[in-house]
Amino acid sequence: MTIETVSTAAAFGGTQGVYRHTSTATGTPMTFSVYVPPHAEGQRLPVVWYLSGLTCTHANVTDKGEYRRACAELGLVFVAPDTSPRGEGVADDPAYDFGQGAGFYVDATQAPWAPKFRMWSYVTEELPALIAAHVPADMDRQSIMGHSMGGHGALTIGLTLADRFKAVSAFAPIVAPGQVPWGEKALGGYLGDDRAAWRRHDAVALIEDGARVPALLVDQGDADQFLADQLKPQLLADACEAAGINLTLRMQPGYDHSYYFISTFMADHLAWHAERLT
């Protein structure tokens, strides 16, 4: 499990790195970023996974997320994968919400996506093994968060692997992809027409089917242009209330879907994760 260092830079006493490796899950090169805060030699640190949204790479949160100061103060490793396989020979679609940049954190079963669009396996199996081998990470203390499509990924992965992740949060997540256009297009295209197969990649459906976590934190801007048609946080609120899950849903006045919104509340989320990780 070798990795190539693309770049490193000092930040808040720690190191921000960008790395590349050849993925067995996707059969392509994959790039990811890792921030390692200052720490004592030999110390193992808790890990926060951040999953990005449509059209994003690892670079969006790395450049705009404003997480490093909080991670340095709280002692958190911050890992940001890409959102899909990319490059020559990788299937694509001209739309922004499907294909490269829009992997939806599923293992595709449909042609032409199935051979390489295996982002569930990449994020939950291959990349964690790589992090464990190369980063001073305590893999017994992991949490997960994400934005939009990545919020969907964080919620579904966190609900499915509740024994692994000590905390789960999201910014403006797609909470019920089986009930909104983005999700219907992606899940139908990657997984086929059987909606029963979609349920394990739908946070609301997972909760309805019995998945549980102790608590969730979700921030949502009330000026988000996708709020009414694509995000529908009330569906998650209703599902959590019925299931007895402690959901903190914060509707933030005046905030949109951008990294101005995410960066504003990033430190809050990291502090919430740190309480559960340390």
# chains A, B, ... in the order shown; residues from 1 in each chain; ligands from 1
>>> closest_atom_pairs(of="range 127-230 of chain A", to="range 44-60 of chain A", cutoff="10 Å", atoms="only C-alpha atoms", output="CSV")
residue,atom,partner,partner_atom,distance
A:Pro128,CA,A:Trp49,CA,9.6
A:Ile131,CA,A:Val47,CA,9.4
A:Val135,CA,A:Arg44,CA,8.6
A:Pro136,CA,A:Arg44,CA,5.0
A:Ala137,CA,A:Leu45,CA,4.8
A:Asp138,CA,A:Arg44,CA,4.9
A:Met139,CA,A:Pro46,CA,7.0
A:Asp140,CA,A:Pro46,CA,7.8
A:Arg141,CA,A:Pro46,CA,4.9
A:Gln142,CA,A:Val47,CA,4.8
A:Ser143,CA,A:Val48,CA,4.9
A:Ile144,CA,A:Trp49,CA,4.5
A:Met145,CA,A:Tyr50,CA,5.0
A:Gly146,CA,A:Leu51,CA,4.3
A:His147,CA,A:Gly53,CA,5.5
A:Ser148,CA,A:Gly53,CA,5.1
A:Met149,CA,A:Gly53,CA,4.4
A:Gly150,CA,A:Leu51,CA,4.4
A:Gly151,CA,A:Leu51,CA,6.8
A:His152,CA,A:Leu51,CA,8.8
A:Gly153,CA,A:Leu51,CA,6.8
A:Ala154,CA,A:Leu51,CA,6.6
A:Phe165,CA,A:Val48,CA,9.2
A:Lys166,CA,A:Val48,CA,9.8
A:Ala167,CA,A:Val48,CA,9.0
A:Val168,CA,A:Val48,CA,9.5
A:Ser169,CA,A:Tyr50,CA,9.6
A:Ala170,CA,A:Tyr50,CA,9.2
A:Phe171,CA,A:Gly53,CA,9.9
A:Ala172,CA,A:Gly53,CA,9.8
A:Pro173,CA,A:Gly53,CA,8.9
A:Ile174,CA,A:Gly53,CA,9.7
A:Trp182,CA,A:Leu54,CA,9.8
>>> select_by_dssp(residues="range 43-266 of chain A", states="alpha helix (DSSP H)", output="PyMOL selection string")
chain A and resi 58-64+68-74+119-121+127-134+149-160+181-191+195-198+203-208+233-243+259-266
>>> closest_residue(among="A:Ala186, A:Val36, A:Val213, A:Ala162", to="Gln100 in chain A", atoms="only C-alpha atoms")
A:Ala186
>>> atom_distance(atom1="CA of Gly13 in chain A", atom2="CA of Tyr260 in chain A")
24.4 Å
>>> closest_residue(among="A:Asp63, A:Asp224, A:Asp209, A:Asp219", to="Met266 in chain A", atoms="only C-alpha atoms")
A:Asp219
